[in-house]
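To be precise, the following lines are target_24.txt, and they hold compact mmCIF, C-alpha atoms.
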```txt
# COMPACT_ATOMS: atom_id res chain seq x y z
CA MET A 25 0.00 0.00 0.00
CA ASN A 26 1.41 3.37 -1.07
CA ALA A 27 0.12 6.35 0.86
CA ALA A 28 0.81 9.98 0.04
CA VAL A 29 0.13 12.72 2.59
CA VAL A 30 -0.23 16.19 1.07
CA LEU A 31 1.48 19.00 2.96
CA PHE A 32 -0.02 22.47 2.57
CA PRO A 33 1.38 25.60 4.21
CA GLY A 34 -0.31 25.49 7.61
CA SER A 35 -1.04 21.75 7.74
CA ASN A 36 -0.11 20.43 11.19
CA ARG A 37 -1.38 16.83 11.42
CA GLU A 38 0.67 15.38 8.57
CA GLY A 39 3.12 13.85 11.06
CA ASP A 40 0.33 12.27 13.13
CA VAL A 41 -1.32 10.66 10.14
CA ALA A 42 1.99 9.54 8.59
CA SER A 43 2.93 7.96 11.91
CA ALA A 44 -0.45 6.16 12.18
CA ILE A 45 -0.05 4.84 8.62
CA LYS A 46 3.47 3.57 9.34
CA ARG A 47 2.40 1.98 12.61
CA ILE A 48 -0.58 0.16 11.10
CA THR A 49 0.51 -0.68 7.58
CA GLY A 50 4.23 -1.09 8.21
CA LYS A 51 5.00 1.17 5.28
CA ALA A 52 5.95 4.84 5.49
CA ALA A 53 3.76 7.37 3.71
CA LYS A 54 5.32 9.83 1.30
CA ILE A 55 4.88 13.49 2.12
CA VAL A 56 3.90 15.44 -1.00
CA TRP A 57 4.27 19.22 -1.33
CA HIS A 58 1.14 21.17 -2.32
CA ALA A 59 2.89 22.92 -5.20
CA ASP A 60 3.86 19.63 -6.87
CA GLU A 61 1.80 18.70 -9.89
CA ASP A 62 1.98 14.92 -9.62
CA LEU A 63 1.46 12.28 -6.97
CA PRO A 64 4.25 9.71 -6.52
CA SER A 65 3.69 6.93 -9.05
CA GLY A 66 1.80 3.98 -7.63
CA THR A 67 0.00 6.07 -4.99
CA ASP A 68 -3.16 4.26 -3.91
CA LEU A 69 -4.19 6.37 -0.91
CA VAL A 70 -4.04 10.18 -0.75
CA VAL A 71 -4.48 11.81 2.65
CA LEU A 72 -5.28 15.50 3.12
CA PRO A 73 -4.29 16.06 6.75
CA GLY A 74 -5.67 18.36 9.42
CA GLY A 75 -4.37 21.79 10.28
CA PHE A 76 -4.97 25.35 9.23
CA SER A 77 -3.91 25.51 5.60
CA TYR A 78 -3.25 29.12 4.60
CA GLY A 79 -4.28 30.21 8.08
CA ASP A 80 -7.93 29.48 7.24
CA TYR A 81 -7.86 32.69 5.15
CA LEU A 82 -10.94 33.41 3.02
CA ARG A 83 -12.72 30.19 4.10
CA CYS A 84 -11.29 27.06 5.70
CA GLY A 85 -9.66 24.98 2.97
CA ALA A 86 -10.61 27.40 0.19
CA ILE A 87 -7.10 28.27 -0.96
CA ALA A 88 -5.64 24.79 -0.47
CA ALA A 89 -8.45 23.40 -2.63
CA ARG A 90 -7.00 25.40 -5.55
CA ALA A 91 -3.37 24.25 -5.02
CA PRO A 92 -1.55 22.69 -8.01
CA ILE A 93 -1.47 19.18 -6.43
CA MET A 94 -5.28 19.15 -6.25
CA ASN A 95 -5.58 18.47 -9.99
CA ALA A 96 -3.67 15.22 -9.45
CA VAL A 97 -5.79 14.42 -6.39
CA ARG A 98 -8.94 14.97 -8.45
CA GLU A 99 -7.67 12.69 -11.22
CA HIS A 100 -6.78 10.04 -8.63
CA ALA A 101 -10.31 10.29 -7.19
CA ASP A 102 -11.87 10.16 -10.68
CA ARG A 103 -10.00 6.90 -11.31
CA GLY A 104 -11.58 5.49 -8.14
CA GLY A 105 -8.47 5.96 -5.98
CA LEU A 106 -8.89 6.40 -2.23
CA VAL A 107 -8.78 9.96 -0.87
CA LEU A 108 -9.09 10.57 2.87
CA GLY A 109 -9.57 14.10 4.19
CA ILE A 110 -9.37 14.62 7.93
CA CYS A 111 -10.54 17.84 9.60
CA ASN A 112 -9.00 20.62 7.45
CA GLY A 113 -8.65 17.89 4.80
CA PHE A 114 -12.44 17.43 4.88
CA GLN A 115 -12.89 21.19 4.50
CA ILE A 116 -10.50 21.13 1.52
CA LEU A 117 -12.41 18.25 -0.13
CA CYS A 118 -15.67 20.19 0.20
CA GLU A 119 -14.10 23.37 -1.18
CA ALA A 120 -12.65 21.33 -4.08
CA GLN A 121 -16.15 19.92 -4.66
CA LEU A 122 -14.87 16.38 -4.34
CA LEU A 123 -17.46 16.09 -1.59
CA PRO A 124 -20.77 17.99 -1.36
CA GLY A 125 -21.70 20.53 1.31
CA VAL A 126 -19.69 22.91 3.47
CA LEU A 127 -18.30 23.03 7.01
CA GLN A 128 -19.48 26.13 8.76
CA ARG A 129 -18.59 27.71 12.08
CA ASN A 130 -19.52 25.41 15.00
CA ALA A 131 -23.05 26.21 16.12
CA GLN A 132 -21.88 27.25 19.61
CA LEU A 133 -19.14 29.42 18.02
CA ARG A 134 -16.32 27.85 20.02
CA PHE A 135 -13.27 25.92 18.95
CA MET A 136 -13.80 22.40 20.22
CA CYS A 137 -10.92 20.19 21.31
CA LYS A 138 -12.03 16.98 23.04
CA GLU A 139 -13.07 13.37 22.58
CA VAL A 140 -16.40 12.64 20.92
CA PHE A 141 -18.40 9.50 20.19
CA LEU A 142 -18.88 8.47 16.60
CA ARG A 143 -21.29 5.88 15.32
CA VAL A 144 -20.18 3.83 12.32
CA GLU A 145 -23.15 3.75 9.94
CA ARG A 146 -22.00 0.93 7.67
CA SER A 147 -19.09 -1.47 7.42
CA ASP A 148 -19.16 -2.24 3.68
CA THR A 149 -16.87 0.64 2.69
CA PRO A 150 -13.09 0.78 2.14
CA TYR A 151 -12.77 2.81 5.34
CA THR A 152 -14.88 0.79 7.77
CA ARG A 153 -14.47 -2.84 6.77
CA ARG A 154 -12.83 -3.63 10.12
CA TYR A 155 -15.70 -2.13 12.13
CA ASN A 156 -19.30 -3.24 12.46
CA ALA A 157 -22.24 -1.01 11.58
CA GLY A 158 -23.45 0.51 14.85
CA ASP A 159 -20.02 0.45 16.55
CA VAL A 160 -19.43 3.54 18.66
CA LEU A 161 -15.87 4.90 18.53
CA ARG A 162 -14.13 7.31 20.87
CA ILE A 163 -12.20 9.73 18.66
CA PRO A 164 -10.81 13.22 19.33
CA VAL A 165 -11.90 16.36 17.51
CA ALA A 166 -10.17 19.74 17.28
CA HIS A 167 -11.95 22.26 15.10
CA GLY A 168 -13.81 25.55 14.99
CA GLU A 169 -15.56 24.97 11.66
CA GLY A 170 -17.02 21.48 11.62
CA ASN A 171 -20.71 22.22 11.36
CA TYR A 172 -21.65 20.20 8.26
CA THR A 173 -24.34 21.80 6.13
CA ALA A 174 -25.74 21.27 2.66
CA ASP A 175 -28.99 22.11 0.93
CA GLU A 176 -31.97 19.92 1.72
CA GLU A 177 -31.84 18.03 -1.55
CA THR A 178 -28.15 17.15 -1.10
CA ILE A 179 -28.74 15.93 2.45
CA LYS A 180 -31.64 13.81 1.22
CA ARG A 181 -29.45 12.33 -1.51
CA LEU A 182 -26.57 11.63 0.89
CA GLU A 183 -28.89 9.90 3.34
CA GLY A 184 -30.71 8.00 0.60
CA ASP A 185 -27.47 6.72 -0.92
CA GLY A 186 -26.05 5.75 2.48
CA ARG A 187 -23.14 8.15 2.11
CA VAL A 188 -23.14 9.34 5.73
CA LEU A 189 -20.42 7.14 7.24
CA PHE A 190 -20.06 8.60 10.75
CA ARG A 191 -22.39 10.51 13.06
CA TYR A 192 -21.88 12.21 16.42
CA THR A 193 -23.85 10.25 19.01
CA SER A 194 -24.05 9.54 22.73
CA PRO A 195 -21.66 6.90 24.16
CA GLU A 196 -24.49 4.40 23.60
CA GLY A 197 -24.79 5.36 19.93
CA LYS A 198 -28.03 7.33 20.31
CA LEU A 199 -28.66 10.50 18.30
CA ASP A 200 -29.08 13.42 20.67
CA ALA A 201 -28.58 17.16 20.07
CA LYS A 202 -26.53 17.27 23.27
CA TRP A 203 -23.88 15.01 21.70
CA ASN A 204 -23.90 16.72 18.30
CA HIS A 205 -21.15 19.06 19.46
CA ASN A 206 -20.83 21.32 16.45
CA GLY A 207 -24.46 21.41 15.31
CA SER A 208 -23.95 19.45 12.07
CA THR A 209 -27.04 18.67 10.01
CA ASN A 210 -28.25 15.17 10.98
CA ALA A 211 -25.16 14.95 13.28
CA ILE A 212 -23.03 14.20 10.22
CA ALA A 213 -19.34 13.71 11.10
CA GLY A 214 -18.13 12.02 7.92
CA VAL A 215 -19.38 11.64 4.33
CA LEU A 216 -18.44 9.57 1.31
CA SER A 217 -18.33 10.47 -2.37
CA GLU A 218 -20.72 8.89 -4.84
CA LYS A 219 -18.33 6.02 -5.57
CA PHE A 220 -17.45 5.59 -1.86
CA ASN A 221 -13.73 6.16 -2.56
CA VAL A 222 -13.45 9.68 -1.11
CA LEU A 223 -14.06 10.14 2.62
CA GLY A 224 -14.06 13.37 4.59
CA LEU A 225 -14.45 13.45 8.36
CA MET A 226 -13.88 16.08 11.03
CA PRO A 227 -12.62 13.82 13.90
CA HIS A 228 -9.04 12.58 14.05
CA PRO A 229 -8.82 8.75 13.95
CA GLU A 230 -5.02 9.06 13.49
CA ASN A 231 -4.75 10.32 17.07
CA HIS A 232 -6.26 7.20 18.63
CA VAL A 233 -4.03 4.43 17.36
CA ASP A 234 -1.40 4.10 20.12
CA PRO A 235 -2.26 2.35 23.43
CA LEU A 236 0.38 4.48 25.13
CA ILE A 237 -1.87 7.51 24.63
CA GLY A 238 -5.24 5.90 25.31
CA PRO A 239 -8.01 4.35 23.24
CA THR A 240 -7.14 2.81 19.87
CA ASP A 241 -10.54 3.11 18.21
CA GLY A 242 -9.02 4.89 15.20
CA ARG A 243 -6.93 1.89 14.15
CA GLY A 244 -9.81 0.17 12.39
CA LEU A 245 -10.02 2.90 9.76
CA PHE A 246 -6.39 2.44 8.70
CA GLU A 247 -6.64 -1.36 9.03
CA SER A 248 -9.68 -1.26 6.73
CA ILE A 249 -7.80 0.74 4.10
CA LYS A 250 -4.85 -1.65 4.33
CA THR A 251 -7.11 -4.69 3.97
CA VAL A 252 -8.83 -3.25 0.91
CA LEU A 253 -5.67 -2.06 -0.83
CA GLU A 254 -3.75 -5.25 -0.19
CA ALA A 255 -6.57 -7.37 -1.52
CA ALA A 256 -6.72 -5.29 -4.72
CA MET B 15 -10.07 50.88 -12.13
CA LYS B 16 -11.65 49.97 -8.81
CA ALA B 17 -14.02 47.09 -8.33
CA ARG B 18 -15.87 45.49 -5.48
CA VAL B 19 -17.12 41.95 -4.94
CA THR B 20 -19.61 41.47 -2.12
CA VAL B 21 -20.19 37.96 -0.83
CA THR B 22 -23.21 37.16 1.34
CA LEU B 23 -24.76 34.00 2.73
CA LYS B 24 -27.75 32.64 0.83
CA ASN B 25 -31.13 32.91 2.46
CA GLY B 26 -31.90 29.99 4.69
CA VAL B 27 -28.25 29.24 5.48
CA LEU B 28 -27.68 29.44 9.21
CA ASP B 29 -25.25 32.20 10.18
CA PRO B 30 -24.08 31.65 13.77
CA GLN B 31 -21.63 34.57 13.53
CA GLY B 32 -24.38 36.94 12.36
CA LYS B 33 -26.55 35.71 15.24
CA ALA B 34 -23.78 36.43 17.75
CA ILE B 35 -23.27 39.94 16.34
CA GLU B 36 -27.01 40.50 16.46
CA GLY B 37 -27.00 39.52 20.13
CA ALA B 38 -24.09 41.85 20.86
CA LEU B 39 -25.78 44.79 19.12
CA LYS B 40 -28.91 44.18 21.15
CA SER B 41 -26.93 44.01 24.37
CA LEU B 42 -25.33 47.36 23.46
CA GLY B 43 -28.82 48.78 23.39
CA ILE B 44 -28.79 49.60 19.68
CA GLU B 45 -32.45 49.79 18.84
CA GLY B 46 -34.40 48.40 15.95
CA VAL B 47 -31.99 45.62 14.98
CA GLU B 48 -34.09 42.76 13.66
CA SER B 49 -31.39 40.48 12.28
CA VAL B 50 -27.75 40.48 11.16
CA ARG B 51 -26.11 38.42 8.40
CA GLN B 52 -22.35 38.58 8.08
CA GLY B 53 -20.63 38.68 4.70
CA LYS B 54 -17.37 39.73 3.03
CA VAL B 55 -16.29 42.61 0.80
CA PHE B 56 -13.31 42.39 -1.58
CA GLU B 57 -11.92 45.65 -2.94
CA ILE B 58 -10.04 44.91 -6.11
CA GLU B 59 -7.81 47.17 -8.16
CA LEU B 60 -7.94 46.29 -11.87
CA ALA B 61 -5.77 47.34 -14.79
CA ASP B 62 -7.76 49.88 -16.82
CA GLY B 63 -9.65 48.37 -19.69
CA ASP B 64 -12.98 47.22 -20.93
CA LYS B 65 -15.71 47.29 -18.27
CA ALA B 66 -17.59 44.26 -19.59
CA LYS B 67 -14.37 42.25 -19.65
CA ALA B 68 -13.60 43.36 -16.09
CA GLU B 69 -17.02 42.21 -14.96
CA ALA B 70 -16.55 38.83 -16.60
CA ALA B 71 -13.16 38.43 -14.91
CA LEU B 72 -14.60 39.35 -11.51
CA LYS B 73 -17.45 36.87 -11.96
CA ALA B 74 -14.93 34.17 -12.76
CA ALA B 75 -12.94 35.16 -9.66
CA ALA B 76 -16.04 34.96 -7.50
CA ASP B 77 -17.16 31.63 -8.95
CA LYS B 78 -13.74 30.02 -8.71
CA LEU B 79 -12.54 31.36 -5.38
CA LEU B 80 -14.08 34.35 -3.64
CA ALA B 81 -17.47 32.77 -2.96
CA ASN B 82 -18.47 29.24 -2.08
CA THR B 83 -21.58 29.11 -4.19
CA VAL B 84 -22.94 26.18 -2.19
CA VAL B 85 -23.86 28.61 0.58
CA GLU B 86 -22.96 32.08 -0.69
CA ASN B 87 -24.21 34.60 -3.26
CA TYR B 88 -22.06 37.36 -4.70
CA ARG B 89 -22.44 40.73 -6.37
CA VAL B 90 -19.88 42.28 -8.68
CA GLU B 91 -19.48 46.05 -9.16
CA VAL B 92 -17.00 47.89 -11.36
CA LEU B 93 -16.70 51.31 -9.73
CA GLY B 94 -14.61 52.92 -12.45
```
Once more with this new file: its structure as structure tokens, please.
Amino acid sequence: MNAAVVLFPGSNREGDVASAIKRITGKAAKIVWHADEDLPSGTDLVVLPGGFSYGDYLRCGAIAARAPIMNAVREHADRGGLVLGICNGFQILCEAQLLPGVLQRNAQLRFMCKEVFLRVERSDTPYTRRYNAGDVLRIPVAHGEGNYTADEETIKRLEGDGRVLFRYTSPEGKLDAKWNHNGSTNAIAGVLSEKFNVLGLMPHPENHVDPLIGPTDGRGLFESIKTVLEAA
Amino acid sequence: MKARVTVTLKNGVLDPQGKAIEGALKSLGIEGVESVRQGKVFEIELADGDKAKAEAALKAAADKLLANTVVENYRVEVLG
């Protein structure tokens, strides 16, 4: 499995995600500069990491979404290649229109840095094969703009096509406004593209992979990707 | 040639920042405020030339970068 992590000016989670990939797949990810025009040959997973690309100027992810490397990322996605956007990476994917919708300011207007509970909505995707539908994961979040919104028709389509992969829930997996920390529509924490190969999510699974730090609920996501890519 | 692009949220899109500003204005005792929506203004200096061409360029700029047309509308003005 050949992973490439794109580094934008202001990214700050590229090291965390590269370390999680190395730990779980045994193979180091390549770090790719945003101004490059090509992905390393043989890349089968592209990760857009978290951070504050371009200082969140204009809109979160707006400028990074127009970086030269994004043409190659788009071509990779069009070919069915896996693209994972975490936190700022999710915002970039939305701005690049590789995923629908936008991430607006958290409803309570505060930056939120804590652990949340995420319900896995389905396990038949490249990102959740090693989980079961209904599993509740403990995963950290750290964002100010994670309030997922789209027009009614888009939300209806996403729900109808089963493209909502993670939702914010209670520890028991129940939907409850109290546990939907950023006010996202339908408590959406992660969405898939039409072909299920592009995933964007606000929480940081890469930060819960090492038992030294605490829970390891994020491992399954990287194990799923590894399983899928190695079987291909 | 001066130009201005104004970007505003579409109707129906929640604007938590506008709401917070609205609350602050009310707490300052400023009367008659019914609602506030926050937007952005870009002041752009253009090389002198054809006005219609300038408008087309500004529209392209707004569509490609300045506005996220999923949730935002924009207005382009060439001020001359």
Proximal residues of chain B relative to chain A (all atoms listed in the file; 12 Å) as a PDB file with C-alpha atoms, keeping the file's coordinate frame:
```
ATOM      1  CA  VAL B  21     -20.190  37.960  -0.830  1.00  0.00           C
ATOM      2  CA  LEU B  23     -24.760  34.000   2.730  1.00  0.00           C
ATOM      3  CA  LYS B  24     -27.750  32.640   0.830  1.00  0.00           C
ATOM      4  CA  ASN B  25     -31.130  32.910   2.460  1.00  0.00           C
ATOM      5  CA  GLY B  26     -31.900  29.990   4.690  1.00  0.00           C
ATOM      6  CA  VAL B  27     -28.250  29.240   5.480  1.00  0.00           C
ATOM      7  CA  LEU B  28     -27.680  29.440   9.210  1.00  0.00           C
ATOM      8  CA  ASP B  29     -25.250  32.200  10.180  1.00  0.00           C
ATOM      9  CA  PRO B  30     -24.080  31.650  13.770  1.00  0.00           C
ATOM     10  CA  GLN B  31     -21.630  34.570  13.530  1.00  0.00           C
ATOM     11  CA  GLY B  32     -24.380  36.940  12.360  1.00  0.00           C
ATOM     12  CA  LYS B  33     -26.550  35.710  15.240  1.00  0.00           C
ATOM     13  CA  ALA B  34     -23.780  36.430  17.750  1.00  0.00           C
ATOM     14  CA  ILE B  35     -23.270  39.940  16.340  1.00  0.00           C
ATOM     15  CA  GLY B  53     -20.630  38.680   4.700  1.00  0.00           C
ATOM     16  CA  LYS B  54     -17.370  39.730   3.030  1.00  0.00           C
ATOM     17  CA  VAL B  55     -16.290  42.610   0.800  1.00  0.00           C
ATOM     18  CA  PHE B  56     -13.310  42.390  -1.580  1.00  0.00           C
ATOM     19  CA  ALA B  76     -16.040  34.960  -7.500  1.00  0.00           C
ATOM     20  CA  ASP B  77     -17.160  31.630  -8.950  1.00  0.00           C
ATOM     21  CA  LYS B  78     -13.740  30.020  -8.710  1.00  0.00           C
ATOM     22  CA  LEU B  79     -12.540  31.360  -5.380  1.00  0.00           C
ATOM     23  CA  LEU B  80     -14.080  34.350  -3.640  1.00  0.00           C
ATOM     24  CA  ALA B  81     -17.470  32.770  -2.960  1.00  0.00           C
ATOM     25  CA  ASN B  82     -18.470  29.240  -2.080  1.00  0.00           C
ATOM     26  CA  THR B  83     -21.580  29.110  -4.190  1.00  0.00           C
ATOM     27  CA  VAL B  84     -22.940  26.180  -2.190  1.00  0.00           C
ATOM     28  CA  VAL B  85     -23.860  28.610   0.580  1.00  0.00           C
ATOM     29  CA  GLU B  86     -22.960  32.080  -0.690  1.00  0.00           C
TER      30      GLU B  86
END
```
Figure out the distance between atom CA of B:Leu72 and atom CA of B:Val90, please, to one decimal in Å. 6.7 Å
Between atom CA of A:Leu127 and atom CA of B:Leu39, what is the distance in Å, rounded to a tenth?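 About the pair atom CA of A:Leu127 and atom CA of B:Leu39: they are 26.0 Å apart.
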Extract, using all atoms listed in the file, all DNA, RNA and protein residues at most 10 Å from stretch 146-157 of chain A, discarding same-chain residues fewer than 3 positions from it, and format them as a VMD selection string. chain A and resid 106 108 143 160 to 161 186 to 190 216 219 to 223 241 243 to 253
Which residues, written as a PyMOL selection string, have at least one atom at most 8 Å from A:Ser35, with only C-alpha atoms counted and residues fewer than 4 positions away on the same chain left out? chain A and resi 31+73-77
Go ahead and compute the interatomic distance for atom CA of B:Asn87 and atom CA of A:Pro227, in Å to one decimal.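 Between these atoms lies a distance of 29.3 Å.
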Taking the point (-23.5, 7.3, 20.3) as given in the file, collect each protein or nucleic acid residue that comes within 6 Å of it, counting only C-alpha atoms, and present the set as a PyMOL selection string. chain A and resi 141+143+160+193-198
Name all residues at most 10 Å from stretch 63-66 of chain B (count all atoms listed in the file; drop same-chain ones fewer than 6 positions away) and give them as a VMD selection string. chain B and resid 15 72 91 to 94
Would you mind exporting the chosen residues as an mmCIF file, in the frame of the given file, restricted to C-alpha atoms?
```cif
data_model
loop_
_atom_site.group_PDB
_atom_site.id
_atom_site.type_symbol
_atom_site.label_atom_id
_atom_site.label_comp_id
_atom_site.auth_asym_id
_atom_site.auth_seq_id
_atom_site.Cartn_x
_atom_site.Cartn_y
_atom_site.Cartn_z
ATOM 1 C CA MET B 15 -10.070 50.880 -12.130
ATOM 2 C CA LEU B 72 -14.600 39.350 -11.510
ATOM 3 C CA GLU B 91 -19.480 46.050 -9.160
ATOM 4 C CA VAL B 92 -17.000 47.890 -11.360
ATOM 5 C CA LEU B 93 -16.700 51.310 -9.730
ATOM 6 C CA GLY B 94 -14.610 52.920 -12.450
#
```
Which one of A:Ser217, A:Gly170, A:Thr209, A:Val71 sits closest to A:Asp40 if you count only C-alpha atoms?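 Using only C-alpha atoms, A:Asp40 sits closest to A:Val71.
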Start from the incomplete input, build N, CA and C atoms for stretch 31-48 of chain B, and deliver everything as a tab-separated table (two decimals), keeping the file's coordinate frame.
```
chain	number	residue	atom	x	y	z
B	31	GLN	N	-22.38	33.34	13.23
B	31	GLN	CA	-21.63	34.57	13.53
B	31	GLN	C	-22.55	35.79	13.48
B	32	GLY	N	-23.41	35.84	12.47
B	32	GLY	CA	-24.38	36.94	12.36
B	32	GLY	C	-25.27	36.99	13.59
B	33	LYS	N	-25.68	35.80	14.04
B	33	LYS	CA	-26.55	35.71	15.24
B	33	LYS	C	-25.83	36.29	16.46
B	34	ALA	N	-24.53	35.95	16.60
B	34	ALA	CA	-23.78	36.43	17.75
B	34	ALA	C	-23.63	37.95	17.70
B	35	ILE	N	-23.41	38.48	16.49
B	35	ILE	CA	-23.27	39.94	16.34
B	35	ILE	C	-24.60	40.61	16.65
B	36	GLU	N	-25.67	39.99	16.18
B	36	GLU	CA	-27.01	40.50	16.46
B	36	GLU	C	-27.24	40.60	17.97
B	37	GLY	N	-26.84	39.54	18.67
B	37	GLY	CA	-27.00	39.52	20.13
B	37	GLY	C	-26.18	40.62	20.79
B	38	ALA	N	-24.96	40.84	20.28
B	38	ALA	CA	-24.09	41.85	20.86
B	38	ALA	C	-24.65	43.25	20.62
B	39	LEU	N	-25.19	43.48	19.42
B	39	LEU	CA	-25.78	44.79	19.12
B	39	LEU	C	-26.95	45.07	20.05
B	40	LYS	N	-27.75	44.01	20.27
B	40	LYS	CA	-28.91	44.18	21.15
B	40	LYS	C	-28.45	44.48	22.57
B	41	SER	N	-27.38	43.79	23.00
B	41	SER	CA	-26.93	44.01	24.37
B	41	SER	C	-26.28	45.40	24.52
B	42	LEU	N	-25.85	45.99	23.41
B	42	LEU	CA	-25.33	47.36	23.46
B	42	LEU	C	-26.48	48.38	23.49
B	43	GLY	N	-27.67	47.89	23.34
B	43	GLY	CA	-28.82	48.78	23.39
B	43	GLY	C	-29.09	49.49	22.07
B	44	ILE	N	-28.52	48.98	20.98
B	44	ILE	CA	-28.79	49.60	19.68
B	44	ILE	C	-30.18	49.15	19.22
B	45	GLU	N	-31.03	50.12	19.02
B	45	GLU	CA	-32.45	49.79	18.84
B	45	GLU	C	-32.80	49.45	17.39
B	46	GLY	N	-33.82	48.66	17.26
B	46	GLY	CA	-34.40	48.40	15.95
B	46	GLY	C	-33.69	47.34	15.13
B	47	VAL	N	-32.70	46.65	15.73
B	47	VAL	CA	-31.99	45.62	14.98
B	47	VAL	C	-32.86	44.36	14.94
B	48	GLU	N	-33.24	43.96	13.75
B	48	GLU	CA	-34.09	42.76	13.66
B	48	GLU	C	-33.27	41.52	13.37
```
